[in-house]
Structure formats: structure tokens, C-alpha cells
$ cat structure-v9.cif   # mmCIF, C-alpha atoms
data_data
#
loop_
_atom_site.label_atom_id
_atom_site.label_comp_id
_atom_site.auth_asym_id
_atom_site.auth_seq_id
_atom_site.Cartn_x
_atom_site.Cartn_y
_atom_site.Cartn_z
CA MET A 1 51.10 20.86 10.97
CA LEU A 2 49.93 20.98 7.36
CA SER A 3 48.68 17.40 7.52
CA LEU A 4 46.75 18.22 10.70
CA ILE A 5 45.03 21.18 9.02
CA THR A 6 44.25 19.03 5.96
CA THR A 7 42.73 16.34 8.18
CA TYR A 8 40.67 18.97 10.03
CA PHE A 9 39.13 20.42 6.88
CA ALA A 10 38.56 16.95 5.41
CA ALA A 11 36.64 16.02 8.56
CA ILE A 12 34.50 19.15 8.22
CA ALA A 13 33.79 18.38 4.55
CA LEU A 14 32.81 14.81 5.33
CA ALA A 15 30.59 15.92 8.21
CA GLN A 16 28.69 18.27 5.90
CA ASN A 17 28.01 15.39 3.50
CA ALA A 18 26.93 13.03 6.25
CA GLU A 19 23.80 14.80 7.44
CA THR A 20 21.06 12.38 8.40
CA ALA A 21 17.30 12.82 8.62
CA ARG A 22 14.80 11.76 11.26
CA VAL A 23 12.15 9.74 9.43
CA LEU A 24 8.80 8.61 10.83
CA GLY A 25 6.78 5.91 9.05
CA LEU A 26 3.07 5.48 9.86
CA PHE A 27 1.46 2.33 8.47
CA PRO A 28 -1.82 1.43 10.22
CA HIS A 29 -3.16 -1.07 7.67
CA THR A 30 -2.98 -4.77 8.56
CA GLY A 31 -2.24 -6.06 5.05
CA LYS A 32 1.13 -7.80 4.92
CA SER A 33 1.42 -7.31 1.16
CA HIS A 34 1.17 -3.54 1.68
CA GLN A 35 4.01 -3.51 4.19
CA MET A 36 6.16 -5.64 1.90
CA VAL A 37 6.19 -2.72 -0.55
CA PHE A 38 7.33 -0.18 2.06
CA ASP A 39 9.84 -2.17 4.12
CA PRO A 40 12.76 -2.19 1.63
CA LEU A 41 12.71 1.62 1.37
CA LEU A 42 12.51 2.07 5.15
CA ARG A 43 15.36 -0.36 5.74
CA ARG A 44 17.47 1.25 3.02
CA LEU A 45 16.99 4.69 4.58
CA ALA A 46 18.25 3.32 7.89
CA GLU A 47 21.19 1.58 6.21
CA ARG A 48 22.18 4.93 4.72
CA GLY A 49 22.41 6.43 8.19
CA HIS A 50 19.00 8.04 8.63
CA HIS A 51 17.18 7.58 11.92
CA VAL A 52 14.00 5.70 11.06
CA THR A 53 11.02 5.09 13.36
CA VAL A 54 8.30 2.85 11.93
CA VAL A 55 4.80 2.32 13.33
CA SER A 56 3.29 -0.83 11.81
CA HIS A 57 1.81 -4.26 12.48
CA PHE A 58 4.89 -5.99 11.03
CA PRO A 59 8.18 -5.37 12.88
CA VAL A 60 11.18 -6.21 10.70
CA ASN A 61 13.73 -8.89 11.49
CA ASN A 62 17.28 -7.81 12.37
CA PRO A 63 16.78 -4.07 11.83
CA PRO A 64 19.76 -1.67 11.66
CA SER A 65 20.72 -0.04 14.96
CA ASN A 66 19.15 3.29 13.94
CA TYR A 67 15.82 1.65 12.98
CA THR A 68 13.12 1.71 15.68
CA ASP A 69 9.95 -0.37 15.48
CA VAL A 70 6.78 0.79 17.23
CA SER A 71 4.82 -2.42 16.94
CA LEU A 72 1.04 -2.48 16.53
CA GLU A 73 0.99 -6.26 16.84
CA GLY A 74 -2.07 -7.54 18.67
CA ILE A 75 -4.37 -4.54 18.25
CA ALA A 76 -6.09 -5.97 15.15
CA GLU A 77 -6.35 -9.15 13.10
CA LEU A 78 -3.66 -9.26 10.46
CA GLY A 79 -4.56 -9.39 6.77
CA LEU A 80 -2.92 -12.70 5.94
CA GLU A 81 -4.74 -15.38 3.94
CA THR A 82 -8.11 -13.95 4.99
CA ILE A 83 -9.98 -14.27 1.67
CA ASP A 84 -11.61 -17.59 0.87
CA LEU A 85 -11.97 -18.11 -2.87
CA ALA A 86 -15.06 -20.24 -2.25
CA TYR A 87 -16.87 -16.89 -1.83
CA PHE A 88 -16.77 -16.52 -5.62
CA GLU A 89 -18.00 -20.03 -6.33
CA ASN A 90 -21.73 -19.33 -6.73
CA PRO A 91 -22.29 -16.01 -8.52
CA ASN A 92 -25.82 -14.64 -8.82
CA LYS A 93 -27.00 -15.58 -12.32
CA VAL A 94 -29.39 -12.63 -12.59
CA LEU A 95 -26.70 -10.11 -11.63
CA ASN A 96 -24.29 -11.86 -13.96
CA TYR A 97 -26.78 -11.58 -16.84
CA LEU A 98 -27.31 -7.87 -16.13
CA GLY A 99 -23.58 -7.28 -15.87
CA LEU A 100 -23.85 -6.05 -12.28
CA ASP A 101 -22.01 -8.87 -10.54
CA LYS A 102 -18.58 -7.42 -11.28
CA ILE A 103 -19.59 -3.99 -9.98
CA LEU A 104 -21.03 -5.42 -6.76
CA ASN A 105 -17.93 -7.56 -6.26
CA GLN A 106 -15.73 -4.46 -6.46
CA ILE A 107 -17.93 -2.64 -3.95
CA SER A 108 -18.06 -5.63 -1.60
CA GLU A 109 -14.25 -5.76 -1.56
CA PHE A 110 -14.08 -2.15 -0.33
CA LEU A 111 -16.90 -2.06 2.24
CA PRO A 112 -15.12 -4.06 5.00
CA LEU A 113 -12.21 -1.62 4.83
CA ALA A 114 -14.31 1.03 6.59
CA ASP A 115 -14.98 -1.08 9.69
CA MET A 116 -11.34 -2.12 9.70
CA ALA A 117 -10.15 1.50 9.61
CA LEU A 118 -12.51 2.67 12.36
CA ASP A 119 -11.62 -0.25 14.62
CA ILE A 120 -7.90 0.44 14.31
CA CYS A 121 -8.36 4.21 14.69
CA SER A 122 -10.31 3.72 17.93
CA LYS A 123 -7.31 1.80 19.29
CA LEU A 124 -4.61 4.08 17.93
CA VAL A 125 -5.94 7.11 19.82
CA LYS A 126 -5.27 5.21 23.07
CA PHE A 127 -1.99 3.58 22.05
CA ALA A 128 0.70 5.09 24.28
CA PRO A 129 3.77 3.98 22.24
CA LEU A 130 2.32 5.76 19.19
CA ALA A 131 1.72 8.91 21.22
CA GLU A 132 5.34 8.88 22.42
CA ALA A 133 6.60 8.48 18.87
CA LEU A 134 4.45 11.34 17.57
CA LYS A 135 5.74 13.73 20.25
CA LYS A 136 9.28 13.60 18.86
CA GLU A 137 10.77 15.84 16.18
CA TYR A 138 11.04 14.58 12.60
CA ASP A 139 12.30 15.86 9.28
CA VAL A 140 9.83 13.89 7.17
CA VAL A 141 6.82 11.63 7.74
CA LEU A 142 5.95 8.70 5.46
CA VAL A 143 2.30 7.66 5.83
CA GLU A 144 0.34 4.98 4.03
CA GLU A 145 -2.56 6.20 1.93
CA PHE A 146 -5.20 3.52 1.68
CA ASN A 147 -8.32 3.17 3.81
CA SER A 148 -7.63 5.58 6.67
CA ASP A 149 -6.61 9.15 7.49
CA CYS A 150 -6.50 8.54 11.23
CA MET A 151 -2.72 8.95 11.31
CA LEU A 152 -3.01 12.38 9.68
CA GLY A 153 -5.40 13.46 12.43
CA LEU A 154 -3.18 12.10 15.20
CA ALA A 155 -0.09 13.73 13.71
CA HIS A 156 -1.94 17.06 13.85
CA VAL A 157 -3.04 16.49 17.46
CA TYR A 158 0.55 15.88 18.56
CA GLY A 159 1.91 18.83 16.60
CA VAL A 160 3.92 17.03 13.94
CA LYS A 161 5.19 19.75 11.57
CA ALA A 162 7.34 17.69 9.20
CA PRO A 163 6.42 17.36 5.50
CA MET A 164 4.06 14.47 4.75
CA VAL A 165 4.84 11.92 2.05
CA ALA A 166 2.04 9.49 1.15
CA MET A 167 2.94 5.94 0.14
CA LEU A 168 0.58 3.70 -1.82
CA SER A 169 1.07 -0.02 -2.28
CA SER A 170 -1.33 0.10 -5.24
CA ASN A 171 -2.44 2.57 -7.86
CA LEU A 172 -3.93 5.89 -6.75
CA MET A 173 -7.12 5.59 -4.74
CA SER A 174 -10.15 7.52 -6.03
CA TRP A 175 -9.66 10.20 -3.34
CA SER A 176 -5.89 10.56 -3.84
CA PRO A 177 -5.52 12.77 -6.96
CA ASP A 178 -7.47 15.73 -5.53
CA ARG A 179 -5.09 15.91 -2.58
CA ILE A 180 -2.18 16.85 -4.76
CA GLY A 181 -4.05 18.74 -7.48
CA VAL A 182 -4.22 16.12 -10.22
CA SER A 183 -7.14 15.90 -12.64
CA TYR A 184 -8.16 12.24 -12.78
CA ASN A 185 -11.01 12.04 -15.27
CA PRO A 186 -12.80 8.65 -14.96
CA SER A 187 -13.78 8.82 -18.62
CA HIS A 188 -10.25 7.77 -19.55
CA VAL A 189 -8.45 6.91 -16.28
CA PRO A 190 -9.45 3.52 -14.79
CA ILE A 191 -10.09 3.46 -11.03
CA VAL A 192 -7.93 1.32 -8.77
CA SER A 193 -10.29 -1.69 -8.81
CA ALA A 194 -10.88 -1.69 -12.58
CA ASP A 195 -9.66 -4.53 -14.78
CA TYR A 196 -9.64 -2.54 -18.03
CA THR A 197 -7.26 -0.04 -19.62
CA GLU A 198 -7.74 3.61 -20.58
CA LYS A 199 -9.30 2.40 -23.86
CA MET A 200 -12.79 1.88 -22.42
CA THR A 201 -16.13 1.23 -24.03
CA PHE A 202 -19.06 3.50 -23.17
CA ALA A 203 -20.35 0.94 -20.65
CA GLN A 204 -16.94 0.73 -19.01
CA ARG A 205 -16.64 4.52 -18.79
CA LEU A 206 -20.08 4.67 -17.19
CA GLU A 207 -19.17 1.93 -14.71
CA ASN A 208 -15.83 3.62 -14.01
CA THR A 209 -17.50 6.99 -13.33
CA LEU A 210 -20.23 5.60 -11.08
CA LEU A 211 -17.74 3.60 -9.02
CA ASN A 212 -15.45 6.61 -8.74
CA VAL A 213 -18.32 8.70 -7.34
CA PHE A 214 -19.31 5.87 -5.00
CA TYR A 215 -15.77 5.36 -3.65
CA ASN A 216 -15.27 9.06 -2.96
CA THR A 217 -18.64 9.36 -1.22
CA TRP A 218 -18.09 6.15 0.75
CA TYR A 219 -14.63 7.22 1.89
CA ARG A 220 -15.88 10.63 2.97
CA TYR A 221 -18.91 9.51 4.99
CA SER A 222 -17.96 5.99 6.08
CA ILE A 223 -14.36 6.69 7.07
CA GLN A 224 -13.14 10.31 7.19
CA LEU A 225 -15.99 11.90 9.14
CA LYS A 226 -16.18 8.95 11.53
CA GLU A 227 -12.43 8.98 12.17
CA GLU A 228 -12.64 12.70 12.90
CA ALA A 229 -15.35 11.95 15.46
CA ILE A 230 -13.23 9.23 17.10
CA ILE A 231 -10.22 11.53 17.44
CA GLU A 232 -12.22 14.55 18.65
CA LYS A 233 -14.13 12.48 21.21
CA HIS A 234 -10.96 10.98 22.68
CA PHE A 235 -8.94 14.20 22.89
CA GLY A 236 -11.84 16.56 23.59
CA THR A 237 -10.73 19.02 20.93
CA GLN A 238 -11.70 19.82 17.37
CA ILE A 239 -9.30 18.98 14.56
CA PRO A 240 -9.24 20.26 10.97
CA ASP A 241 -11.22 18.33 8.40
CA LEU A 242 -9.26 15.19 7.46
CA GLN A 243 -10.00 16.04 3.85
CA ASP A 244 -8.02 19.27 4.33
CA LEU A 245 -5.21 17.56 6.24
CA GLY A 246 -4.88 15.18 3.31
CA LYS A 247 -4.09 18.15 1.09
CA ASN A 248 -1.00 18.88 3.20
CA ILE A 249 0.66 15.88 1.55
CA THR A 250 3.58 17.14 -0.51
CA LEU A 251 4.56 13.96 -2.36
CA MET A 252 2.99 10.61 -3.29
CA LEU A 253 5.02 7.47 -3.97
CA VAL A 254 2.79 5.10 -5.95
CA ASN A 255 3.52 1.42 -6.49
CA VAL A 256 2.85 1.39 -10.24
CA PHE A 257 4.85 1.97 -13.40
CA HIS A 258 3.61 3.35 -16.69
CA SER A 259 5.06 0.54 -18.82
CA LEU A 260 2.54 -1.79 -17.15
CA ASN A 261 -0.11 0.64 -15.94
CA GLY A 262 -0.51 2.83 -19.01
CA ALA A 263 -0.32 6.58 -19.36
CA ARG A 264 -1.77 8.75 -16.59
CA PRO A 265 -2.03 12.54 -16.16
CA LEU A 266 0.39 13.14 -13.27
CA LEU A 267 2.21 16.05 -11.65
CA PRO A 268 5.79 16.05 -10.29
CA GLY A 269 4.30 15.48 -6.83
CA ILE A 270 3.29 11.93 -7.82
CA VAL A 271 6.18 9.55 -8.43
CA GLU A 272 5.74 6.04 -9.82
CA VAL A 273 7.95 3.65 -7.83
CA GLY A 274 6.73 0.27 -9.09
CA GLY A 275 9.27 -2.42 -8.26
CA MET A 276 10.64 -0.56 -5.24
CA HIS A 277 9.93 -3.63 -3.10
CA LEU A 278 12.42 -5.74 -5.05
CA ASP A 279 15.59 -5.79 -2.99
CA HIS A 280 18.85 -7.69 -2.83
CA THR A 281 17.44 -10.29 -0.42
CA ARG A 282 14.99 -11.75 -2.94
CA LYS A 283 15.50 -15.35 -4.00
CA PRO A 284 16.33 -15.49 -7.72
CA ILE A 285 14.46 -17.85 -10.01
CA PRO A 286 16.90 -20.46 -11.40
CA SER A 287 18.21 -19.01 -14.65
CA ARG A 288 18.11 -22.44 -16.29
CA PHE A 289 14.34 -22.65 -15.76
CA ILE A 290 13.86 -19.34 -17.57
CA ASN A 291 16.52 -19.72 -20.25
CA GLU A 292 15.26 -23.12 -21.32
CA SER A 293 11.73 -21.79 -21.77
CA GLU A 294 11.56 -21.04 -25.48
CA HIS A 295 8.29 -19.08 -25.18
CA GLY A 296 8.90 -17.27 -21.90
CA VAL A 297 7.53 -17.66 -18.38
CA VAL A 298 4.17 -16.89 -16.75
CA LEU A 299 4.00 -15.98 -13.05
CA LEU A 300 0.72 -16.75 -11.24
CA SER A 301 0.25 -15.28 -7.75
CA PHE A 302 -2.89 -14.55 -5.73
CA GLY A 303 -1.05 -12.31 -3.27
CA SER A 304 -0.95 -12.58 0.52
CA LEU A 305 -4.67 -12.05 1.20
CA ILE A 306 -5.87 -15.10 -0.69
CA LYS A 307 -5.08 -18.56 0.60
CA THR A 308 -4.50 -20.58 -2.53
CA ALA A 309 -5.37 -23.78 -0.69
CA SER A 310 -8.95 -22.48 -0.38
CA ILE A 311 -9.51 -23.10 -4.10
CA PRO A 312 -11.86 -26.09 -4.44
CA LYS A 313 -9.87 -29.02 -5.80
CA HIS A 314 -11.93 -29.39 -8.96
CA LYS A 315 -11.39 -25.69 -9.71
CA GLU A 316 -7.70 -26.06 -9.00
CA GLN A 317 -7.54 -28.89 -11.53
CA ILE A 318 -9.29 -26.71 -14.11
CA ILE A 319 -6.62 -24.03 -13.59
CA VAL A 320 -3.85 -26.62 -13.87
CA ASN A 321 -5.36 -28.04 -17.08
CA ALA A 322 -5.67 -24.56 -18.58
CA LEU A 323 -2.10 -23.63 -17.65
CA SER A 324 -0.81 -26.89 -19.09
CA LYS A 325 -2.01 -25.79 -22.53
CA LEU A 326 0.22 -22.71 -22.50
CA LYS A 327 3.48 -22.73 -24.43
CA GLN A 328 5.14 -20.83 -21.60
CA ARG A 329 6.47 -22.35 -18.41
CA VAL A 330 4.44 -21.41 -15.33
CA ILE A 331 5.59 -20.38 -11.86
CA TRP A 332 2.69 -20.61 -9.40
CA LYS A 333 2.97 -19.17 -5.90
CA TYR A 334 1.16 -21.85 -3.92
CA GLU A 335 0.94 -22.26 -0.14
CA SER A 336 0.87 -25.62 1.68
CA SER A 337 1.78 -27.52 -1.46
CA GLY A 338 3.29 -30.98 -1.49
CA ASP A 339 3.98 -30.58 -5.20
CA GLU A 340 6.51 -27.78 -4.89
CA GLY A 341 8.95 -27.73 -7.75
CA THR A 342 6.76 -29.70 -10.16
#
$ encode --input "structure-v9.cif" --output "C-alpha cells"
Amino acid sequence: MLSLITTYFAAIALAQNAETARVLGLFPHTGKSHQMVFDPLLRRLAERGHHVTVVSHFPVNNPPSNYTDVSLEGIAELGLETIDLAYFENPNKVLNYLGLDKILNQISEFLPLADMALDICSKLVKFAPLAEALKKEYDVVLVEEFNSDCMLGLAHVYGVKAPMVAMLSSNLMSWSPDRIGVSYNPSHVPIVSADYTEKMTFAQRLENTLLNVFYNTWYRYSIQLKEEAIIEKHFGTQIPDLQDLGKNITLMLVNVFHSLNGARPLLPGIVEVGGMHLDHTRKPIPSRFINESEHGVVLLSFGSLIKTASIPKHKEQIIVNALSKLKQRVIWKYESSGDEGT
């Protein structure tokens, strides 16, 4: 009898420690490299017993039984190897002399993101599987913060009440800090597209400030207001300003780390999670290759958006010649290469 009572109370104690959450992940962007940051966390949550529903363009392989994919495959072109490096082959000499080429390049990288966001939003409002997912009850919602707030608007339309956690595959966007009450002064905090540190010259601070103003204005008028119009037109009802819905975010997980990114003025609501995408399934680099390198190792990667094979061959040879002069050994992520391992 005593053993039965002991077993009963042990079962109750274990049950109290085995509570699981219902997690919804909303990832409308088509960039594979973005999703690669989020997937390990989502899978790990499911492996720990939480019920995870993920809306994305990239369904995972062999998901746990309590992991549900709502696939967006086919509604938009995926962001894989879509940037041709030949675009940067012939810079404008006048702009280069005036120092404006770098600024215009940064702007030109962002502008297509607006059309991409609006195109996907116009399809999401009519996507029945997403609607069904949003009608269910959740304990927390993970949503990507990048070039769209459409998911925030749709979550409001369908009455999602769970706390919102924003996930960023990069540093904070220019419009992110205000959402969670952080002062992000461009005079000493580089914007997401900058290639300099917090120790800026006057010209860099000026450039940083002007681009920060531009990005915020562009995001407001080219994306937020237009996404609001798309949602309101489809559902025939007015929704709160997406700028205000963005301020309902309670936590931001940012794919940076201060040892590499430098010091930033942050609040507890912003957590640096750089390296979160590194999981146990990664293929280790042979230890011999690293250990035998007296001066260390350099990793060269252009990411998933740039097709390395698009580099003109003479430029590729210039890169190879330059790398060959380094004391360090070099690991180059290169697609479609017949010289792998050399």
C-alpha cells in the first residue's frame, strides 16, 4: 500500500514538471539562411516535448512527432543563390570618387525587400492553412522580424493573444529598438548594413544617421502602411497600426554576440543568441587541418544568397592569389566546385 501511495505522488510530481507549451512560429521571409538560424531552436523545443507549429517556406526533414509544418512552399521564389556578384563588377567611378557608391549599394540591397514583403503578404491573407493555424490557441508566438509585419497584423485579425517573441537572423533592424524601448543612437551604434564599428569618423556617423533615417522612413511608408492596406482590404475591417502592434513584442532574440559585434545599449528584453544555429548535426572540420595550422584558420563564406560560381573567373583567381599569401589556412565555402578539398 505504501509503495502504491509513493508511486502515486511521484507520478503527480513528475506530471507537474512535465508541462509543455504550444508554440507557434511565423517565418514569412524566403531567405534560407534566415531559417537556418531559427530551425535548431524550433526543433529543440519540440524534442523537449513542446507542441510546435511552424509556418515557413522551408519544412524540416524528419521532424519530431509533435512538430507541425505549415508549408509556404510555392507561394514565392525562394532566396537561394539569387545574387549575382557580376552586379558589383562595374561600379560608377563618379559615385565612387564622391564616396556615395557604398551608400547607394546599401540602399539598393534593401529596396527589393519591400516588393518581396508585399507580394508575400498579399498571398498570406488568402492562405487557408495559415488561417487554420492562427485560429488555434498558443502559449507563445515566435515571429521573424525582418522586412515584414504582415504576420503581426494577421495574428491580430485571428485573435492570437499569446505573447510575441521576435527573432532576428541578423543584428537589430533600424526599426527594432523602438519597439522594445531601447535607445539606439546612430552616432555610436552602427546600423545593420554598416561595415564599421562603434568607433566612427564624423563622415561615418553622418552616413550612419542618414541611412538610419532612410531605413525607418522606407520601412514605414513602403512596407508597414501598404501591408496594413492589404490586410484591411482583404478582411474588410480596420486593424491597429502595425507600428503599434510591433510594440506588443515582449522579447527579441538577436543573432549576434557582443564579443564579435561590440558593445550595444540593450535592455533585458533583447537577448543576444549568436551561435544558436550551431547544433549537434553540424559536420566538424577535421581537427588535424586546424591543429596543423600554426597561424590559425580563416573561414570565407558568401552565405546562401550569393552563388559563388557567379564570380568571374579572373576575379576568382585574384581572390585565390590573395588568400594564398596569408599565413593562415583557408576554408572557402564554394558551390559547384571540382576542386573540393584542395
$ residues_around --input "structure-v9.cif" --residues "Ile331 of chain A" --least-positions-apart "2" --cutoff "7 Å" --atoms "all atoms listed in the file" --output "list in words"
Val298, Leu299, Leu300, Arg329 and Lys333 of chain A
$ residues_around --input "structure-v9.cif" --residues "Ala166 of chain A" --least-positions-apart "6" --cutoff "6 Å" --atoms "only C-alpha atoms" --output "PyMOL selection string"
chain A and resi 142-145+252
$ resolve_selection --input "structure-v9.cif" --expression "the PyMOL selection byres ((chain A and resi 74) around 12)" --output "ChimeraX atom specification"
/A:30,56-59,71-73,75-78,120,123-124,127
$ closest_residue --input "structure-v9.cif" --among "A:Arg220, A:Lys126, A:His234, A:Arg264" --to "Pro190 of chain A" --atoms "all atoms listed in the file"
A:Arg264
$ closest_atom_pairs --input "structure-v9.cif" --of "segment 199-279 of chain A" --to "segment 35-53 of chain A" --cutoff "8 Å" --atoms "only C-alpha atoms" --output "CSV"
residue,atom,partner,partner_atom,distance
A:Asn255,CA,A:Val37,CA,7.7
A:Met276,CA,A:Val37,CA,6.8
A:His277,CA,A:Val37,CA,4.6
A:Leu278,CA,A:Pro40,CA,7.6
A:Asp279,CA,A:Pro40,CA,6.5
$ axis_aligned_box --input "structure-v9.cif" --around "segment 253-268 of chain A" --padding-each-side "3 Å" --output "JSON"
{"center_x": 1.9, "center_y": 7.1, "center_z": -11.7, "size_x": 13.8, "size_y": 23.8, "size_z": 21.4}
$ resolve_selection --input "structure-v9.cif" --expression "the PyMOL selection byres ((chain A and resi 224) around 8)" --output "mmCIF file with C-alpha atoms, keeping the file's coordinate frame"
data_model
loop_
_atom_site.group_PDB
_atom_site.id
_atom_site.type_symbol
_atom_site.label_atom_id
_atom_site.label_comp_id
_atom_site.auth_asym_id
_atom_site.auth_seq_id
_atom_site.Cartn_x
_atom_site.Cartn_y
_atom_site.Cartn_z
ATOM 1 C CA SER A 148 -7.630 5.580 6.670
ATOM 2 C CA ASP A 149 -6.610 9.150 7.490
ATOM 3 C CA CYS A 150 -6.500 8.540 11.230
ATOM 4 C CA TYR A 219 -14.630 7.220 1.890
ATOM 5 C CA ARG A 220 -15.880 10.630 2.970
ATOM 6 C CA TYR A 221 -18.910 9.510 4.990
ATOM 7 C CA SER A 222 -17.960 5.990 6.080
ATOM 8 C CA ILE A 223 -14.360 6.690 7.070
ATOM 9 C CA LEU A 225 -15.990 11.900 9.140
ATOM 10 C CA LYS A 226 -16.180 8.950 11.530
ATOM 11 C CA GLU A 227 -12.430 8.980 12.170
ATOM 12 C CA GLU A 228 -12.640 12.700 12.900
ATOM 13 C CA LEU A 242 -9.260 15.190 7.460
ATOM 14 C CA GLN A 243 -10.000 16.040 3.850
#
$ atom_distance --input "structure-v9.cif" --atom1 "atom CA of Glu132 of chain A" --atom2 "atom CA of Thr68 of chain A"
12.5 Å
$ closest_residue --input "structure-v9.cif" --among "A:Ser287, A:Ser122, A:Ser176, A:Ser65" --to "Lys233 of chain A" --atoms "all atoms listed in the file"
A:Ser122
$ atom_distance --input "structure-v9.cif" --atom1 "atom CA of Asp139 of chain A" --atom2 "atom CA of Leu267 of chain A"
23.2 Å
$ atom_distance --input "structure-v9.cif" --atom1 "atom CA of Val320 of chain A" --atom2 "atom CA of Glu292 of chain A"
20.8 Å
$ closest_residue --input "structure-v9.cif" --among "A:Thr250, A:Asn261, A:Asn216, A:Asn147" --to "Met164 of chain A" --atoms "only C-alpha atoms"
A:Thr250
$ closest_residue --input "structure-v9.cif" --among "A:Pro163, A:Gly274, A:Trp218, A:Thr197" --to "Pro112 of chain A" --atoms "only C-alpha atoms"
A:Trp218
$ closest_residue --input "structure-v9.cif" --among "A:Lys136, A:Gly246, A:Tyr196, A:Ile180" --to "Leu266 of chain A" --atoms "all atoms listed in the file"
A:Ile180
$ closest_residue --input "structure-v9.cif" --among "A:Ala194, A:Val256, A:Ser301, A:Lys32" --to "Asn105 of chain A" --atoms "all atoms listed in the file"
A:Ala194
$ residues_around --input "structure-v9.cif" --residues "Ile231 of chain A" --least-positions-apart "4" --cutoff "9 Å" --atoms "only C-alpha atoms" --output "list in words"
Cys121, Ser122, Val125, Cys150, Gly153, Leu154, Val157, Lys226, Glu227, Phe235, Gly236, Thr237, Gln238 and Ile239 of chain A
$ write_last_selection --input "structure-v9.cif" --atoms "C-alpha atoms" --output "tab-separated table (two decimals), keeping the file's coordinate frame"
chain	number	residue	atom	x	y	z
A	121	CYS	CA	-8.36	4.21	14.69
A	122	SER	CA	-10.31	3.72	17.93
A	125	VAL	CA	-5.94	7.11	19.82
A	150	CYS	CA	-6.50	8.54	11.23
A	153	GLY	CA	-5.40	13.46	12.43
A	154	LEU	CA	-3.18	12.10	15.20
A	157	VAL	CA	-3.04	16.49	17.46
A	226	LYS	CA	-16.18	8.95	11.53
A	227	GLU	CA	-12.43	8.98	12.17
A	235	PHE	CA	-8.94	14.20	22.89
A	236	GLY	CA	-11.84	16.56	23.59
A	237	THR	CA	-10.73	19.02	20.93
A	238	GLN	CA	-11.70	19.82	17.37
A	239	ILE	CA	-9.30	18.98	14.56
$ decode --input "structure-v9.cif" --residues "segment 105-156 of chain A" --atoms "C-alpha atoms" --output "mmCIF file, in the first residue's frame"
data_model
loop_
_atom_site.group_PDB
_atom_site.id
_atom_site.type_symbol
_atom_site.label_atom_id
_atom_site.label_comp_id
_atom_site.auth_asym_id
_atom_site.auth_seq_id
_atom_site.Cartn_x
_atom_site.Cartn_y
_atom_site.Cartn_z
ATOM 1 C CA ASN A 105 24.732 49.867 -52.635
ATOM 2 C CA GLN A 106 23.341 49.543 -49.113
ATOM 3 C CA ILE A 107 20.078 51.186 -50.158
ATOM 4 C CA SER A 108 19.789 49.070 -53.310
ATOM 5 C CA GLU A 109 20.127 45.914 -51.213
ATOM 6 C CA PHE A 110 17.109 46.909 -49.107
ATOM 7 C CA LEU A 111 14.718 48.273 -51.745
ATOM 8 C CA PRO A 112 13.698 44.895 -53.275
ATOM 9 C CA LEU A 113 12.693 43.683 -49.809
ATOM 10 C CA ALA A 114 9.598 45.903 -49.911
ATOM 11 C CA ASP A 115 8.162 44.342 -53.072
ATOM 12 C CA MET A 116 9.021 40.916 -51.695
ATOM 13 C CA ALA A 117 7.170 41.602 -48.436
ATOM 14 C CA LEU A 118 4.061 42.997 -50.138
ATOM 15 C CA ASP A 119 3.895 40.120 -52.610
ATOM 16 C CA ILE A 120 4.052 37.523 -49.845
ATOM 17 C CA CYS A 121 1.594 39.431 -47.625
ATOM 18 C CA SER A 122 -0.961 39.578 -50.460
ATOM 19 C CA LYS A 123 -0.775 35.773 -50.639
ATOM 20 C CA LEU A 124 -0.717 35.108 -46.904
ATOM 21 C CA VAL A 125 -4.070 36.826 -46.347
ATOM 22 C CA LYS A 126 -5.644 34.207 -48.649
ATOM 23 C CA PHE A 127 -3.635 31.203 -47.470
ATOM 24 C CA ALA A 128 -6.111 28.849 -45.782
ATOM 25 C CA PRO A 129 -3.567 26.639 -43.926
ATOM 26 C CA LEU A 130 -2.151 29.754 -42.245
ATOM 27 C CA ALA A 131 -5.639 30.877 -41.235
ATOM 28 C CA GLU A 132 -6.329 27.480 -39.661
ATOM 29 C CA ALA A 133 -3.070 27.617 -37.731
ATOM 30 C CA LEU A 134 -3.766 31.132 -36.427
ATOM 31 C CA LYS A 135 -7.215 30.130 -35.138
ATOM 32 C CA LYS A 136 -5.719 27.726 -32.589
ATOM 33 C CA GLU A 137 -4.636 28.529 -29.040
ATOM 34 C CA TYR A 138 -0.960 29.102 -28.270
ATOM 35 C CA ASP A 139 1.164 29.904 -25.253
ATOM 36 C CA VAL A 140 3.818 31.831 -27.176
ATOM 37 C CA VAL A 141 4.377 33.039 -30.741
ATOM 38 C CA LEU A 142 7.825 33.309 -32.345
ATOM 39 C CA VAL A 143 7.816 35.663 -35.334
ATOM 40 C CA GLU A 144 10.652 36.745 -37.592
ATOM 41 C CA GLU A 145 11.477 40.434 -37.536
ATOM 42 C CA PHE A 146 12.971 41.477 -40.838
ATOM 43 C CA ASN A 147 11.162 43.049 -43.780
ATOM 44 C CA SER A 148 7.517 42.478 -42.889
ATOM 45 C CA ASP A 149 4.921 42.937 -40.149
ATOM 46 C CA CYS A 150 2.180 41.159 -42.075
ATOM 47 C CA MET A 151 2.177 38.242 -39.632
ATOM 48 C CA LEU A 152 1.590 40.630 -36.720
ATOM 49 C CA GLY A 153 -1.470 42.012 -38.493
ATOM 50 C CA LEU A 154 -2.830 38.556 -39.327
ATOM 51 C CA ALA A 155 -2.263 37.338 -35.771
ATOM 52 C CA HIS A 156 -4.386 40.267 -34.576
#
